[in-house]
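Chemist: Here you go, protein08.txt (compact mmCIF, C-alpha atoms):
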# COMPACT_ATOMS: atom_id res chain seq x y z
CA MET A 1 0.00 0.00 0.00
CA VAL A 2 1.47 3.30 -1.09
CA THR A 3 0.62 6.15 1.28
CA ASP A 4 -0.88 9.43 0.11
CA ALA A 5 2.24 11.22 1.27
CA ALA A 6 4.39 8.94 -0.87
CA ILE A 7 2.11 9.49 -3.89
CA LEU A 8 2.24 13.25 -3.42
CA GLU A 9 5.98 13.20 -3.07
CA ALA A 10 6.46 11.11 -6.20
CA VAL A 11 4.06 12.97 -8.51
CA GLY A 12 5.28 16.26 -7.03
CA GLU A 13 8.61 15.57 -8.77
CA VAL A 14 7.02 15.91 -12.22
CA VAL A 15 8.52 19.02 -13.83
CA ASP A 16 6.93 21.80 -15.83
CA PRO A 17 8.00 21.13 -19.44
CA GLU A 18 8.25 24.89 -20.13
CA VAL A 19 10.38 25.65 -17.05
CA PRO A 20 12.10 22.33 -16.33
CA VAL A 21 13.73 23.50 -13.08
CA LEU A 22 10.32 23.78 -11.44
CA THR A 23 8.32 20.81 -10.23
CA ILE A 24 4.53 20.90 -10.19
CA ALA A 25 4.80 20.95 -6.38
CA ASP A 26 6.99 24.09 -6.54
CA LEU A 27 4.48 25.73 -8.87
CA GLY A 28 1.40 24.92 -6.85
CA VAL A 29 -0.06 23.13 -9.89
CA LEU A 30 -0.33 19.91 -7.88
CA ARG A 31 -3.40 20.34 -5.68
CA GLY A 32 -3.82 17.08 -3.85
CA VAL A 33 -4.70 13.42 -3.78
CA ARG A 34 -7.90 11.70 -2.70
CA HIS A 35 -9.55 8.29 -2.91
CA GLU A 36 -12.68 7.31 -4.79
CA GLY A 37 -13.44 3.66 -4.10
CA ASP A 38 -10.29 1.76 -5.03
CA GLU A 39 -9.07 4.59 -7.24
CA VAL A 40 -6.59 7.33 -6.40
CA VAL A 41 -7.42 10.73 -7.87
CA VAL A 42 -4.62 13.27 -8.25
CA THR A 43 -5.85 16.83 -8.84
CA ILE A 44 -3.91 19.46 -10.77
CA THR A 45 -4.82 23.02 -11.78
CA PRO A 46 -3.59 25.07 -14.76
CA THR A 47 -1.69 28.33 -14.32
CA TYR A 48 -3.66 29.80 -17.24
CA SER A 49 -6.82 28.45 -18.92
CA GLY A 50 -4.98 27.70 -22.14
CA CYS A 51 -1.73 26.41 -20.66
CA PRO A 52 -0.49 23.89 -23.27
CA ALA A 53 1.75 22.16 -20.72
CA MET A 54 -1.21 20.62 -18.91
CA ASP A 55 -1.61 17.64 -21.24
CA LEU A 56 2.03 16.63 -20.81
CA ILE A 57 1.91 17.19 -17.04
CA ARG A 58 -1.21 15.01 -16.81
CA HIS A 59 0.51 12.28 -18.82
CA GLU A 60 3.66 12.41 -16.67
CA VAL A 61 1.58 12.15 -13.49
CA GLU A 62 -0.22 9.11 -14.94
CA LEU A 63 3.12 7.48 -15.76
CA THR A 64 4.34 8.18 -12.23
CA LEU A 65 1.22 6.52 -10.78
CA GLN A 66 1.82 3.50 -13.00
CA ALA A 67 5.42 3.27 -11.83
CA LEU A 68 4.15 3.21 -8.25
CA HIS A 69 1.64 0.47 -9.23
CA VAL A 70 -1.16 2.74 -8.07
CA HIS A 71 -4.54 2.48 -9.78
CA GLY A 72 -5.52 6.08 -10.34
CA ARG A 73 -6.37 8.96 -12.59
CA VAL A 74 -5.69 12.66 -12.92
CA GLU A 75 -8.36 15.32 -12.60
CA THR A 76 -7.99 18.94 -13.66
CA VAL A 77 -9.71 21.48 -11.42
CA LEU A 78 -10.14 25.21 -12.07
CA SER A 79 -11.36 26.33 -8.68
CA PRO A 80 -9.95 27.92 -6.64
CA PRO A 81 -8.05 29.62 -9.47
CA TRP A 82 -4.28 29.27 -9.43
CA THR A 83 -2.31 32.24 -8.22
CA THR A 84 1.40 32.99 -8.11
CA ASP A 85 1.02 33.09 -4.31
CA TRP A 86 1.02 29.30 -4.41
CA MET A 87 4.54 29.11 -5.75
CA THR A 88 6.90 27.91 -3.02
CA GLU A 89 9.89 29.95 -1.83
CA ALA A 90 12.14 27.12 -3.03
CA GLY A 91 10.47 27.38 -6.44
CA LYS A 92 11.09 31.13 -6.58
CA ALA A 93 14.76 30.64 -5.76
CA LYS A 94 15.08 28.01 -8.50
CA LEU A 95 13.44 30.36 -10.99
CA THR A 96 15.94 33.12 -10.24
CA ASP A 97 18.85 30.70 -10.66
CA TYR A 98 17.37 29.63 -13.99
CA GLY A 99 17.30 33.26 -15.22
CA ILE A 100 13.60 34.03 -14.75
CA ALA A 101 12.57 36.77 -12.32
CA PRO A 102 10.07 35.22 -9.87
CA PRO A 103 6.66 36.73 -9.16
CA PRO A 104 6.53 39.39 -6.43
CA GLY A 105 5.56 38.39 -2.90
CA THR A 106 1.83 38.73 -3.25
CA SER A 107 -0.38 38.74 -6.29
CA ALA A 108 -2.27 41.95 -6.89
CA PRO A 109 -6.05 41.40 -6.99
CA ALA A 110 -6.02 43.07 -10.39
CA PRO A 111 -2.83 44.32 -12.03
CA PHE A 112 -4.46 47.60 -13.03
CA PRO A 113 -7.85 49.19 -12.62
CA PRO A 114 -9.47 48.70 -16.03
CA SER A 115 -12.48 50.70 -14.92
CA GLN A 116 -10.67 53.96 -14.55
CA SER A 117 -9.33 56.40 -17.04
CA ARG A 118 -5.58 56.80 -16.74
CA ALA A 119 -5.85 60.51 -16.02
CA ASN A 120 -7.78 60.11 -12.77
CA ALA A 121 -6.57 56.69 -11.73
CA PRO A 122 -4.42 56.25 -8.67
CA VAL A 123 -0.86 55.52 -9.70
CA LEU A 124 -0.11 51.90 -8.93
CA LEU A 125 3.37 51.43 -7.55
CA GLN A 126 4.97 48.06 -7.90
CA LEU A 127 8.23 47.00 -6.32
CA SER A 128 10.77 46.83 -9.09
CA ILE A 129 11.51 43.47 -10.62
CA ARG A 130 15.15 42.57 -10.05
CA CYS A 131 17.25 41.35 -12.94
CA PRO A 132 17.83 37.62 -12.31
CA LEU A 133 21.23 37.86 -14.01
CA CYS A 134 22.93 40.82 -12.30
CA GLY A 135 20.49 41.60 -9.46
CA SER A 136 19.91 45.22 -10.47
CA PRO A 137 16.51 46.71 -9.60
CA ASN A 138 16.85 49.08 -12.58
CA THR A 139 14.69 47.16 -15.07
CA SER A 140 11.85 47.96 -17.45
CA GLU A 141 8.96 46.01 -18.89
CA LEU A 142 9.09 45.46 -22.66
CA SER A 143 5.82 43.58 -22.99
CA ARG A 144 3.18 42.24 -20.59
CA PHE A 145 3.16 39.05 -22.66
CA GLY A 146 6.19 36.77 -22.91
CA SER A 147 7.37 33.40 -24.19
CA THR A 148 4.55 31.62 -22.35
CA SER A 149 1.22 32.76 -20.88
CA CYS A 150 2.64 32.98 -17.39
CA LYS A 151 5.55 35.27 -18.22
CA SER A 152 6.17 38.87 -19.27
CA LEU A 153 9.21 40.22 -21.10
CA TRP A 154 11.64 42.59 -19.36
CA ARG A 155 15.01 44.21 -19.92
CA CYS A 156 17.70 45.09 -17.40
CA ASN A 157 18.85 48.68 -17.79
CA SER A 158 22.11 47.91 -15.98
CA CYS A 159 23.43 44.81 -17.76
CA ARG A 160 21.19 45.33 -20.83
CA GLU A 161 20.12 41.68 -20.90
CA PRO A 162 16.50 40.83 -21.66
CA PHE A 163 14.84 38.39 -19.28
CA ASP A 164 11.51 36.69 -18.55
CA HIS A 165 9.46 37.51 -15.48
CA PHE A 166 6.89 35.12 -14.03
CA LYS A 167 4.04 37.61 -13.78
CA ALA A 168 1.69 37.96 -10.85
CA ILE A 169 -1.84 36.69 -11.35
CA MET B 1 -32.02 22.45 -26.06
CA ASN B 2 -31.90 23.19 -22.37
CA ASP B 3 -31.06 26.66 -21.14
CA LEU B 4 -27.82 25.77 -19.39
CA LEU B 5 -26.45 24.11 -22.52
CA GLU B 6 -27.55 27.04 -24.67
CA TYR B 7 -25.98 29.55 -22.29
CA THR B 8 -22.69 27.64 -22.00
CA LEU B 9 -22.47 27.38 -25.80
CA ARG B 10 -22.86 31.16 -26.09
CA LEU B 11 -19.95 31.74 -23.72
CA GLY B 12 -17.83 29.01 -25.27
CA ASP B 13 -18.50 30.00 -28.88
CA ASP B 14 -17.66 33.65 -28.17
CA ALA B 15 -14.30 32.56 -26.78
CA LEU B 16 -13.63 30.02 -29.55
CA ILE B 17 -14.37 32.34 -32.45
CA ALA B 18 -12.49 35.23 -30.80
CA ALA B 19 -9.50 32.90 -30.35
CA GLN B 20 -9.59 31.94 -34.04
CA ARG B 21 -9.50 35.57 -35.17
CA THR B 22 -6.86 36.54 -32.58
CA GLY B 23 -4.72 33.61 -33.67
CA GLU B 24 -4.76 34.84 -37.26
CA TRP B 25 -2.52 37.70 -36.12
CA ILE B 26 0.34 35.38 -35.19
CA ALA B 27 3.26 36.14 -37.54
CA ALA B 28 1.23 39.01 -39.05
CA ALA B 29 1.30 41.58 -36.23
CA PRO B 30 3.15 44.91 -36.64
CA GLN B 31 5.98 43.97 -34.25
CA LEU B 32 7.45 40.86 -32.68
CA GLU B 33 6.20 41.64 -29.16
CA GLU B 34 2.71 42.01 -30.56
CA ASP B 35 2.87 38.59 -32.20
CA VAL B 36 3.72 37.17 -28.81
CA ALA B 37 1.05 39.22 -27.01
CA LEU B 38 -1.73 38.26 -29.43
CA GLY B 39 -0.57 34.65 -29.41
CA ASN B 40 -0.94 34.63 -25.63
CA ILE B 41 -4.29 36.40 -25.67
CA GLY B 42 -5.61 33.96 -28.27
CA LEU B 43 -4.37 31.06 -26.15
CA ASP B 44 -6.22 32.40 -23.10
CA GLN B 45 -9.40 32.68 -25.17
CA LEU B 46 -8.92 29.16 -26.55
CA GLY B 47 -8.37 27.80 -23.05
CA GLN B 48 -11.60 29.40 -21.89
CA ALA B 49 -13.38 28.00 -24.96
CA ARG B 50 -12.11 24.48 -24.24
CA SER B 51 -13.28 24.53 -20.62
CA LEU B 52 -16.69 25.88 -21.63
CA LEU B 53 -17.19 23.52 -24.58
CA GLN B 54 -16.11 20.53 -22.49
CA TYR B 55 -18.80 21.52 -20.01
CA ALA B 56 -21.40 22.09 -22.75
CA GLY B 57 -20.47 18.72 -24.22
CA SER B 58 -20.90 17.00 -20.86
CA LEU B 59 -24.48 18.28 -20.79
CA ASP B 60 -25.49 16.62 -24.05
CA GLY B 61 -23.00 13.82 -24.59
CA ARG B 62 -20.62 15.43 -27.06
CA THR B 63 -16.89 16.14 -26.87
CA GLU B 64 -15.33 19.59 -27.14
CA ASP B 65 -13.95 18.58 -30.56
CA GLU B 66 -17.37 17.51 -31.84
CA LEU B 67 -18.76 20.87 -30.77
CA ALA B 68 -15.91 22.90 -32.27
CA TYR B 69 -15.35 20.98 -35.50
CA PHE B 70 -18.61 19.27 -36.40
CA ARG B 71 -21.29 21.87 -35.89
CA ASP B 72 -22.45 23.97 -38.82
CA GLU B 73 -22.75 27.72 -38.97
CA ARG B 74 -26.36 27.95 -37.79
CA GLU B 75 -25.53 25.96 -34.66
CA PHE B 76 -22.91 28.44 -33.46
CA ARG B 77 -24.10 30.90 -30.82
CA ASN B 78 -21.29 33.46 -30.85
CA LEU B 79 -21.62 37.22 -31.21
CA GLN B 80 -21.17 38.58 -34.71
CA LEU B 81 -18.58 40.94 -33.19
CA CYS B 82 -16.24 37.98 -32.69
CA GLU B 83 -16.43 36.63 -36.23
CA LEU B 84 -15.79 39.77 -38.29
CA PRO B 85 -12.57 39.59 -40.35
CA ASN B 86 -9.52 41.13 -38.72
CA GLY B 87 -9.09 44.26 -40.82
CA ASP B 88 -6.16 46.45 -39.77
CA PHE B 89 -4.47 46.49 -36.38
CA ALA B 90 -6.64 49.34 -35.10
CA PHE B 91 -9.69 47.18 -35.87
CA ALA B 92 -8.21 44.31 -33.86
CA MET B 93 -7.56 46.57 -30.87
CA ALA B 94 -11.00 48.19 -31.02
CA ARG B 95 -12.58 44.74 -31.06
CA LEU B 96 -10.41 43.56 -28.18
CA LEU B 97 -11.34 46.64 -26.15
CA TYR B 98 -15.07 46.11 -26.73
CA PHE B 99 -15.01 42.34 -26.27
CA ALA B 100 -12.53 41.98 -23.39
CA THR B 101 -14.26 44.73 -21.39
CA TYR B 102 -17.53 42.83 -21.85
CA GLN B 103 -15.93 39.50 -20.92
CA HIS B 104 -14.30 41.06 -17.86
CA LEU B 105 -17.61 42.36 -16.50
CA LEU B 106 -19.39 39.11 -17.36
CA TYR B 107 -16.84 36.74 -15.82
CA ASP B 108 -16.59 38.95 -12.75
CA GLU B 109 -20.32 38.40 -12.11
CA LEU B 110 -20.33 34.77 -13.21
CA ARG B 111 -17.60 33.70 -10.81
CA SER B 112 -20.02 33.93 -7.91
CA CYS B 113 -22.87 32.07 -9.67
CA ALA B 114 -24.27 28.84 -8.23
CA ASP B 115 -22.98 26.61 -11.04
CA GLU B 116 -19.59 25.36 -9.82
CA THR B 117 -18.13 24.74 -13.25
CA LEU B 118 -19.14 28.07 -14.77
CA ALA B 119 -17.98 29.87 -11.63
CA GLY B 120 -14.66 28.05 -11.79
CA VAL B 121 -14.05 28.92 -15.44
CA ALA B 122 -15.03 32.54 -14.82
CA GLY B 123 -12.87 32.86 -11.72
CA LYS B 124 -9.90 31.66 -13.73
CA ALA B 125 -10.65 33.71 -16.83
CA VAL B 126 -11.38 37.05 -15.19
CA LYS B 127 -7.74 37.50 -14.21
CA GLU B 128 -6.57 36.68 -17.74
CA VAL B 129 -9.07 38.99 -19.38
CA ALA B 130 -7.93 41.89 -17.15
CA TYR B 131 -4.62 41.69 -19.03
CA HIS B 132 -6.49 41.71 -22.37
CA VAL B 133 -8.42 44.85 -21.41
CA ASP B 134 -5.22 46.56 -20.40
CA HIS B 135 -3.46 45.60 -23.62
CA ALA B 136 -6.29 46.89 -25.81
CA THR B 137 -6.57 50.07 -23.75
CA GLN B 138 -2.90 50.88 -24.15
CA TRP B 139 -3.10 50.48 -27.92
CA VAL B 140 -6.33 52.44 -28.35
CA LEU B 141 -4.77 55.32 -26.40
CA ARG B 142 -1.52 55.14 -28.34
CA LEU B 143 -3.13 54.93 -31.78
CA GLY B 144 -5.97 57.35 -31.08
CA ASP B 145 -3.64 59.94 -29.59
CA GLY B 146 -0.84 59.18 -32.07
CA THR B 147 -0.30 60.41 -35.60
CA GLU B 148 -2.96 61.81 -37.89
CA GLU B 149 -3.06 58.49 -39.75
CA SER B 150 -3.24 56.30 -36.63
CA HIS B 151 -5.98 58.54 -35.21
CA ARG B 152 -7.98 58.28 -38.43
CA ARG B 153 -7.71 54.48 -38.45
CA MET B 154 -8.51 54.12 -34.74
CA GLN B 155 -11.62 56.27 -35.15
CA ALA B 156 -12.68 54.28 -38.23
CA ALA B 157 -12.29 51.00 -36.33
CA LEU B 158 -14.21 52.19 -33.26
CA ASP B 159 -17.02 53.41 -35.54
CA ALA B 160 -17.11 50.28 -37.71
CA LEU B 161 -17.46 47.93 -34.75
CA TRP B 162 -19.90 49.98 -32.69
CA PRO B 163 -22.99 48.58 -34.50
CA TYR B 164 -21.97 45.10 -33.31
CA THR B 165 -21.82 45.99 -29.60
CA ALA B 166 -25.52 46.01 -28.61
CA GLU B 167 -25.74 42.29 -29.33
CA MET B 168 -23.52 41.67 -26.28
CA PHE B 169 -26.18 43.10 -23.96
CA ALA B 170 -29.31 41.65 -25.52
CA SER B 171 -31.47 39.90 -22.96
CA ASP B 172 -33.76 36.97 -23.79
CA ASP B 173 -35.67 34.11 -22.15
CA VAL B 174 -32.54 31.97 -21.81
CA VAL B 175 -30.66 34.44 -19.61
CA ARG B 176 -33.80 35.52 -17.76
CA GLN B 177 -34.94 31.98 -16.91
CA LEU B 178 -31.60 30.42 -16.12
CA SER B 179 -30.76 31.33 -12.53
CA VAL B 180 -27.00 30.90 -12.89
CA ALA B 181 -26.80 33.09 -16.01
CA VAL B 182 -25.70 36.71 -15.92
CA ASP B 183 -28.31 38.83 -17.67
CA PRO B 184 -25.98 40.80 -19.97
CA SER B 185 -28.31 43.81 -20.08
CA THR B 186 -27.16 44.54 -16.52
CA LEU B 187 -23.58 45.01 -17.76
CA GLU B 188 -24.25 47.61 -20.43
CA GLU B 189 -24.07 50.74 -18.30
CA GLU B 190 -20.73 49.91 -16.73
CA TRP B 191 -19.36 48.68 -20.07
CA THR B 192 -20.30 51.95 -21.72
CA ARG B 193 -18.71 53.92 -18.90
CA ARG B 194 -15.42 52.03 -19.13
CA VAL B 195 -15.19 51.99 -22.92
CA THR B 196 -16.13 55.63 -23.44
CA ALA B 197 -13.56 56.65 -20.79
CA VAL B 198 -10.87 55.04 -22.94
CA ILE B 199 -12.28 56.50 -26.17
CA ASP B 200 -12.42 59.99 -24.65
CA GLU B 201 -8.87 59.77 -23.41
CA SER B 202 -7.68 58.49 -26.80
CA THR B 203 -8.95 61.80 -28.30
CA CYS B 204 -11.30 59.85 -30.58
CA GLU B 205 -14.99 60.70 -30.84
CA ARG B 206 -17.60 58.43 -29.28
CA PRO B 207 -19.25 56.45 -32.09
CA THR B 208 -22.78 57.59 -32.77
CA SER B 209 -24.26 54.91 -35.04
CA SER B 210 -27.69 53.91 -33.81
CA TYR B 211 -28.18 50.93 -36.13
CA GLN B 212 -27.30 47.66 -34.37
CA HIS B 213 -26.84 44.20 -35.86
CA SER B 214 -28.16 41.08 -34.14
CA GLY B 215 -28.65 37.38 -34.75
CA GLY B 216 -25.52 35.58 -33.54
CA ARG B 217 -27.20 34.16 -30.45
CA SER B 218 -29.79 32.44 -32.61
CA GLY B 219 -27.27 31.19 -35.16
CA ARG B 220 -27.67 33.91 -37.77
CA HIS B 221 -24.19 35.06 -38.73
CA THR B 222 -22.43 37.40 -41.11
CA GLU B 223 -21.22 36.21 -44.50
CA HIS B 224 -17.72 35.86 -42.99
CA MET B 225 -18.60 33.06 -40.59
CA GLY B 226 -18.65 30.28 -43.17
CA TYR B 227 -15.12 31.07 -44.32
CA LEU B 228 -13.90 31.20 -40.73
CA LEU B 229 -15.43 27.79 -40.00
CA ALA B 230 -14.01 26.33 -43.21
CA GLU B 231 -10.53 27.17 -42.00
CA LEU B 232 -11.22 26.13 -38.42
CA GLN B 233 -12.88 22.84 -39.28
CA HIS B 234 -11.48 21.52 -42.53
CA VAL B 235 -8.66 19.37 -41.14
CA ALA B 236 -10.92 17.69 -38.58
CA ARG B 237 -13.60 17.08 -41.22
CA SER B 238 -11.12 15.80 -43.82
CA HIS B 239 -9.75 13.27 -41.33
CA PRO B 240 -12.62 12.47 -38.99
CA GLY B 241 -11.54 10.66 -35.85
CA ALA B 242 -7.86 11.37 -36.45
CA THR B 243 -5.67 11.74 -33.35
CA TRP B 244 -2.06 12.78 -32.97
As structure tokens, how would this structure be written, given the file I've shared?
Modeler:
Amino acid sequence: MVTDAAILEAVGEVVDPEVPVLTIADLGVLRGVRHEGDEVVVTITPTYSGCPAMDLIRHEVELTLQALHVHGRVETVLSPPWTTDWMTEAGKAKLTDYGIAPPPGTSAPAPFPPSQSRANAPVLLQLSIRCPLCGSPNTSELSRFGSTSCKSLWRCNSCREPFDHFKAI
Amino acid sequence: MNDLLEYTLRLGDDALIAAQRTGEWIAAAPQLEEDVALGNIGLDQLGQARSLLQYAGSLDGRTEDELAYFRDEREFRNLQLCELPNGDFAFAMARLLYFATYQHLLYDELRSCADETLAGVAGKAVKEVAYHVDHATQWVLRLGDGTEESHRRMQAALDALWPYTAEMFASDDVVRQLSVAVDPSTLEEEWTRRVTAVIDESTCERPTSSYQHSGGRSGRHTEHMGYLLAELQHVARSHPGATW
């Protein structure tokens, strides 16, 4: 009999194919494990609705269950919606080492107030995103959309290198 | 057709057809960052469409692929706004401003509805769509308050699409009878406030056309829909049952 903790530990080692230094446990994509009759159900949640990595992650989790000789399946849940707050501190450190600026400490409820005209809107201040390569806080956003749904594109004004930032959601 | 299925198809078809048009910009946008941005926005829309069509399919025993690839034009329930051909970049940004602002208000209400699946999809999507609204807003401001030529094109796009906006807020028996549905007529006032604030700031004029198209919700579409579906569906229909 494989314990739930052992199942969680094993499937938690499955990595995100887009950012292979992060496991699905680091990301908060792995939500839990439960039993339905004689079946084990592992639940995962996407970072974004259209995240194309989900199919591969599901498949890898299924293979891991098979390797453990556990009869089970994978279920995708949308609620509660994934947020960057669920990323572990270890995951954030791994991201920085990999060259991707991690999301800031807490996700903003909404990144900007779409209801307000810019002229009258309060100015939203955000802590600067540090360059993951040289550590400089002097960086600027090139595009809110990056190489995958979960990232935006930035440039360091000190070392001039472009880098990805895992954006808050 | 039951009301919940009908309502879910409306939401899902809006997202699917919007994704198809947004995706057409990939490798055709005016700059590399914009290719990436529109690729991501289209992917968000497609993800929402998949979740919604999977749910719709579960209500009447069809798969998301059967719904997307094997329905004909008259069975699609999307807004005509979503299916219009792309036009120039100003047109794409005007459409995204109108549509994403609508989706944002709708999903924001829907995420607290009593249907767990619809609430889950909406709770996920509302955060993505906030980025879409912001992206469209930035471009409408930049183009409207840009050069003489960009201003002219932005104004033309806002005007051309305005007659397709009332359809978003049309109320009918489906949304009135279905308790979990958001009656879209309740969103119109706030939508108008948000969109006109952006238009005013962009130095464009508020569109004045009073004529409004309708029909998408009952399967009556523009002449462009058939061509869109031909491109969307032809591989699946040429090789039915194929997997890869």
Chemist: Dump as a list in words the residues of chain B that approach chain A to within 8 Å, counting only C-alpha atoms.
Modeler: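 So the contacting residues turn out to be Glu33, Val36, Ala37, Asn40, Leu43, Asp44, Gln45, Leu46, Gly47, Gln48, Ser51, Gly120, Val121, Gly123, Lys124, Ala125, Lys127, Glu128, Ala130, Tyr131, Val133, Asp134, Arg194, Ala197, Val198 and Glu201 of chain B.
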Chemist: Now that the selection is made, can you save its residues with C-alpha atoms as a PDB file, in the frame of the given file?
Modeler:
ATOM      1  CA  GLU B  33       6.200  41.640 -29.160  1.00  0.00           C
ATOM      2  CA  VAL B  36       3.720  37.170 -28.810  1.00  0.00           C
ATOM      3  CA  ALA B  37       1.050  39.220 -27.010  1.00  0.00           C
ATOM      4  CA  ASN B  40      -0.940  34.630 -25.630  1.00  0.00           C
ATOM      5  CA  LEU B  43      -4.370  31.060 -26.150  1.00  0.00           C
ATOM      6  CA  ASP B  44      -6.220  32.400 -23.100  1.00  0.00           C
ATOM      7  CA  GLN B  45      -9.400  32.680 -25.170  1.00  0.00           C
ATOM      8  CA  LEU B  46      -8.920  29.160 -26.550  1.00  0.00           C
ATOM      9  CA  GLY B  47      -8.370  27.800 -23.050  1.00  0.00           C
ATOM     10  CA  GLN B  48     -11.600  29.400 -21.890  1.00  0.00           C
ATOM     11  CA  SER B  51     -13.280  24.530 -20.620  1.00  0.00           C
ATOM     12  CA  GLY B 120     -14.660  28.050 -11.790  1.00  0.00           C
ATOM     13  CA  VAL B 121     -14.050  28.920 -15.440  1.00  0.00           C
ATOM     14  CA  GLY B 123     -12.870  32.860 -11.720  1.00  0.00           C
ATOM     15  CA  LYS B 124      -9.900  31.660 -13.730  1.00  0.00           C
ATOM     16  CA  ALA B 125     -10.650  33.710 -16.830  1.00  0.00           C
ATOM     17  CA  LYS B 127      -7.740  37.500 -14.210  1.00  0.00           C
ATOM     18  CA  GLU B 128      -6.570  36.680 -17.740  1.00  0.00           C
ATOM     19  CA  ALA B 130      -7.930  41.890 -17.150  1.00  0.00           C
ATOM     20  CA  TYR B 131      -4.620  41.690 -19.030  1.00  0.00           C
ATOM     21  CA  VAL B 133      -8.420  44.850 -21.410  1.00  0.00           C
ATOM     22  CA  ASP B 134      -5.220  46.560 -20.400  1.00  0.00           C
ATOM     23  CA  ARG B 194     -15.420  52.030 -19.130  1.00  0.00           C
ATOM     24  CA  ALA B 197     -13.560  56.650 -20.790  1.00  0.00           C
ATOM     25  CA  VAL B 198     -10.870  55.040 -22.940  1.00  0.00           C
ATOM     26  CA  GLU B 201      -8.870  59.770 -23.410  1.00  0.00           C
TER      27      GLU B 201
END
Chemist: Have a look at A:Arg73, A:Arg31, A:Arg130, A:His59 and name the one nearest to Trp86 (chain A); count all atoms listed in the file.
Modeler: A:Arg31
Chemist: Counting all atoms listed in the file, which residues sit no farther than 10 Å from the position (-15.0, 37.7, -38.1) in the file's frame? I'd like them as a VMD selection string.
Modeler: chain B and resid 17 to 18 20 to 22 79 to 87 221 to 228
Chemist: Which one is closest to Ala157 (chain B): B:Glu73, B:Asp65, B:Asp108, B:Glu205? Count all atoms listed in the file.
Modeler: B:Glu205
Chemist: Just checking: using all atoms listed in the file, which residue out of A:Met54, A:Met1, A:Ala90, A:Ala67 ends up closest to Ala25 (chain A)?
Modeler: A:Ala90
Chemist: Taking all atoms listed in the file into account, which of A:Val15, A:Ala101, A:Ile44, A:Ala10 comes nearest Gly28 (chain A)?
Modeler: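 Answer, going by the shortest atom-to-atom distance: A:Ile44.
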Chemist: Quick one: residues within 9 Å of His151 (chain B), only C-alpha atoms counted, chain neighbours fewer than 6 positions away excluded, as a ChimeraX atom specification?
Modeler: /B:142-145,202-204
Chemist: If we draw a sphere of 8 Å around (-24.6, 34.2, -28.6), which residues have at least one atom in it when counting only C-alpha atoms? Please report them as a compact mmCIF listing (two decimals) with C-alpha atoms, keeping the file's coordinate frame.
Modeler:
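Dumped everything to point_8.txt:
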# COMPACT_ATOMS: atom_id res chain seq x y z
CA TYR B 7 -25.98 29.55 -22.29
CA LEU B 9 -22.47 27.38 -25.80
CA ARG B 10 -22.86 31.16 -26.09
CA LEU B 11 -19.95 31.74 -23.72
CA ASP B 13 -18.50 30.00 -28.88
CA ASP B 14 -17.66 33.65 -28.17
CA PHE B 76 -22.91 28.44 -33.46
CA ARG B 77 -24.10 30.90 -30.82
CA ASN B 78 -21.29 33.46 -30.85
CA LEU B 79 -21.62 37.22 -31.21
CA MET B 168 -23.52 41.67 -26.28
CA GLY B 216 -25.52 35.58 -33.54
CA ARG B 217 -27.20 34.16 -30.45
CA SER B 218 -29.79 32.44 -32.61
CA GLY B 219 -27.27 31.19 -35.16
Chemist: What gap, in Å, lies between CA of Gln31 (chain B) and CA of Leu95 (chain A)?
Modeler: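 Going from CA of Gln31 (chain B) over to CA of Leu95 (chain A) covers 28.0 Å.
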Chemist: Rounded to one decimal in Å, what is the spacing between CA of Val235 (chain B) and CA of Thr63 (chain B)?
Modeler: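 Between CA of Val235 (chain B) and CA of Thr63 (chain B) the gap is 16.8 Å.
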Chemist: Kindly indicate which residue among B:Glu64, B:Asp88, B:Glu148, B:Glu231 lies nearest to Ala28 (chain B), using only C-alpha atoms for the distances.
Modeler: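 Closest to Ala28 (chain B) of all the choices is B:Asp88.
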Chemist: Find the spatial neighbours of Tyr69 (chain B), counting all atoms listed in the file, within a cut-off of 8 Å - ignore same-chain residues fewer than 2 positions away - and output them as a PyMOL selection string.
Modeler: chain B and resi 65-67+71+232-233+236-237
Chemist: Would you work out the distance separating CA of Ala49 (chain B) from CA of Ala19 (chain B), expressed in Å to one decimal?
Modeler: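 CA of Ala19 (chain B) lies at a distance of 8.3 Å from CA of Ala49 (chain B).
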Chemist: Between B:Cys113, B:Pro30, B:Leu16, B:Ala230, which has the minimum distance to Val182 (chain B) (counting all atoms listed in the file)?
Modeler: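 Of B:Cys113, B:Pro30, B:Leu16, B:Ala230, the one nearest Val182 (chain B), counting all atoms listed in the file, is B:Cys113.
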Chemist: Residues near region 100-107 of chain B, anyone? I mean within 6 Å using only C-alpha atoms, not counting same-chain ones fewer than 3 positions away, as a ChimeraX atom specification.
Modeler: /B:96-97,110-111,122,126,129,133
Chemist: Neighbours of Leu68 (chain A) within 10 Å (all atoms listed in the file; same-chain residues fewer than 2 positions away dropped), as a PDB file with C-alpha atoms, keeping the file's coordinate frame?
Modeler:
ATOM      1  CA  MET A   1       0.000   0.000   0.000  1.00  0.00           C
ATOM      2  CA  VAL A   2       1.470   3.300  -1.090  1.00  0.00           C
ATOM      3  CA  ALA A   6       4.390   8.940  -0.870  1.00  0.00           C
ATOM      4  CA  ILE A   7       2.110   9.490  -3.890  1.00  0.00           C
ATOM      5  CA  ALA A  10       6.460  11.110  -6.200  1.00  0.00           C
ATOM      6  CA  VAL A  11       4.060  12.970  -8.510  1.00  0.00           C
ATOM      7  CA  GLU A  62      -0.220   9.110 -14.940  1.00  0.00           C
ATOM      8  CA  LEU A  63       3.120   7.480 -15.760  1.00  0.00           C
ATOM      9  CA  THR A  64       4.340   8.180 -12.230  1.00  0.00           C
ATOM     10  CA  LEU A  65       1.220   6.520 -10.780  1.00  0.00           C
ATOM     11  CA  GLN A  66       1.820   3.500 -13.000  1.00  0.00           C
ATOM     12  CA  VAL A  70      -1.160   2.740  -8.070  1.00  0.00           C
ATOM     13  CA  HIS A  71      -4.540   2.480  -9.780  1.00  0.00           C
TER      14      HIS A  71
END
